[in-house]
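Everything on this sheet refers to the single structure shown next.
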Amino acid sequence: MDSASMSKQLSFINIESMHQYIINHAKNPSHYADEPFIDYDSNLNQIGVEKFTWDQCIDMFRSDIFLKTHSIEENKRMIEYFYKKYSKIDTDDGIDIGIQQIPFLMDQNNRLQRIKDIYFPADTIVDNGTIDSEYLFVNKTIFAWLNEKIQKEIKKWLKDMGVDERTDLTYLRKTIIPNVAFYITLENAVRTIKMLFMLFQKNAITKKELDQLKKLKLLTTRGTLISAEQCFFCDQYKPRLQLEEYLKTKEDKFLSFDYVTSHNSRKENEDLIEWRRFFIILGVQEDLHPIVFNRKLTSYEAAGYGFCDDYLSTTSHDEKHIVDAFFGLTTITFIQHTQ
């Protein structure tokens with residue numbers, strides 16, 4: 001039983017590809033008829049007739065079997081179909097799944113993507129939909145079709161649903177912030193932060209958004225990635241307290257200066273001040289400060305934070321009780337490196 005009703009949509013579904021997909025994913029493929037699709041019926045469901053679900057349909061839309069025969073013209077008709085089903089034009093939609101879950105927009109690689117994962121190409125940026133792009137854009141032929149006057153309502157609907165032009169700001173909000181803890185890689189570390197810095201200079205990023213970026217990973221002088229909140233300025237940033245010279249062999253927490261040196265600007269001193277201000281807002285530190293643990297720590301946990309065993313007494317002052325946890329412990333950054 002085809003609960004997604006895709007077997008009826010012959011204008012954009014290749015029924016042979018659909019049949020092949022089901023056979024390839026079946027436990028007993030020989031049990032299927034040549035034309036296995038029937039309308040959904042709850043009575044048939046109760047007696048064990050198999051159901052082709054929306055989850056299977058979504059997986060099929062992403063499969064090579066389906067995409068091998070899915071053309072640009074068919075994708076146009078698929079978009080029209082879902083537009084009619086999910087807009088008010090077709091009141092009897094019969095679909096019990098959110099449009100956000102369905103990959104139906106063809107990208108520059110001729111694969112189908114969900115609304116939240118794809119952008120409209122934008123002429124204002126360099127990376128606007130080439131095959132080797134790290135971003136996903138609506139296929140240019142599809143995009144040109146959507147820009148035709150007759151399709152303006154479909155394009156408006158897609159924009160209302162969340163397909164935006166890929167500007168740096170929309171990319172920040174749609175892709176970086178939702179994946180802030182693991183978005184940065186060694187390959188995109190400098191490029192991404194430079195983009196955010198330029199948005200910061202234009203006052204385009206809100207305070208709330210900057211606060212959300214504190215979990216973003218930054219490049220250290222040793223070329224590793226750690227969260228902004230764990231970073232300290234290397235001496236080249238001219239922090240209030242220059243610690244790198246003393247701790248560079250002991251700690252891998254000093255922020256790389258590559259962000260500044262790779263940024264094209266003739267106002268080096270002014271730029272450095274702006275970079276420092278930007279990084280401080282992200283949580284990068286420039287001096288030592290007390291760290292207070294306002295929660296219970298076991299002896300093992302406290303030792304992991306650098307507290308010495310001698311400091312962690314295992315008996316109470318009156319020697320009548322065994323101590324196995326501590327509350328309100330206080331230390332200072334890098335105190336373990338002092339003598």
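Naming scheme: A, B, ... for chains in displayed order of the structure tokens; residues 1 onward per chain; ligands 1 onward as shown.
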Q: Extract, using only C-alpha atoms, all DNA, RNA and protein residues at most 7 Å from Cys234 in chain A, discarding same-chain residues fewer than 3 positions from it, and format them as a VMD selection string.
A: chain A and resid 237 244 254 to 256
Q: Pick out the residues sitting within 12 Å of Leu241 in chain A, and hand them over as a PyMOL selection string; count only C-alpha atoms, and ignore anything fewer than 6 positions along from it in its own chain.
A: chain A and resi 232-235+285-289
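A straight line drawn from CA of Glu73 in chain A to CA of Phe61 in chain A is 15.4 Å long.
In this comparison, which uses only C-alpha atoms, the residue of A:Asp252, A:Asp96, A:Asp64, A:Asp164 approaching Asn24 in chain A most closely is A:Asp64.
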Which range 222-262 of chain A residues have any atom within 9 Å of an atom of range 170-188 of chain A, and for each, what is the nearest pair of atoms with distance in Å to one decimal, counting only C-alpha atoms, rows sorted by chain and number, as JSON lines?
```
{"residue": "A:Gly223", "atom": "CA", "partner": "A:Leu186", "partner_atom": "CA", "distance": 8.0}
{"residue": "A:Thr224", "atom": "CA", "partner": "A:Leu186", "partner_atom": "CA", "distance": 7.8}
{"residue": "A:Leu225", "atom": "CA", "partner": "A:Leu186", "partner_atom": "CA", "distance": 7.5}
{"residue": "A:Ser227", "atom": "CA", "partner": "A:Ala181", "partner_atom": "CA", "distance": 7.8}
```
Those residues you just picked out, can you put them in a file as a short mmCIF file (atom, residue, chain, number, x, y, z; two decimals), in the first residue's frame with C-alpha atoms?
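Contents of out.cif, as written:
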```cif
data_model
loop_
_atom_site.label_atom_id
_atom_site.label_comp_id
_atom_site.auth_asym_id
_atom_site.auth_seq_id
_atom_site.Cartn_x
_atom_site.Cartn_y
_atom_site.Cartn_z
CA GLY A 223 46.81 24.50 14.73
CA THR A 224 44.22 22.74 16.86
CA LEU A 225 40.59 23.74 17.43
CA SER A 227 36.01 26.54 21.82
#
```
Q | Nearest residue to Phe327 in chain A from the set A:His19, A:Lys296, A:Lys76, A:Lys248 (distances using only C-alpha atoms) | A | A:Lys296
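Considering only C-alpha atoms, the residue among A:Ser63, A:Thr167, A:Gln113, A:Gln108 positioned nearest to Met195 in chain A is A:Thr167.
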Q) Could you write out, as a PyMOL selection string, all the residues of range 42-223 of chain A that DSSP marks as alpha helix (DSSP H)? A) chain A and resi 42-46+54-62+64-67+72-86+140-146+152-161+168-171+189-201+207-212
Q.
Please determine, counting only C-alpha atoms, which residue among A:Glu274, A:Glu148, A:Glu229, A:Glu165 has the shortest atom-to-atom distance to Phe197 in chain A.
A. A:Glu274
Q: Tell me, in Å to one decimal, how far CA of Gln151 in chain A is from CA of Met106 in chain A.
A: 16.1 Å
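Picture a line from CA of Lys253 in chain A to CA of Cys231 in chain A; it runs 5.0 Å.
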(Q) Using only C-alpha atoms for the distances, tell me which of A:Thr298, A:Asn203, A:Gln242, A:Gln9 is nearest to Arg77 in chain A. (A) A:Gln9
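Proximity of A:Asn109, A:Asn75, A:Ser87, A:Gln101 to Leu158 in chain A, computed with only C-alpha atoms, is greatest for A:Ser87.
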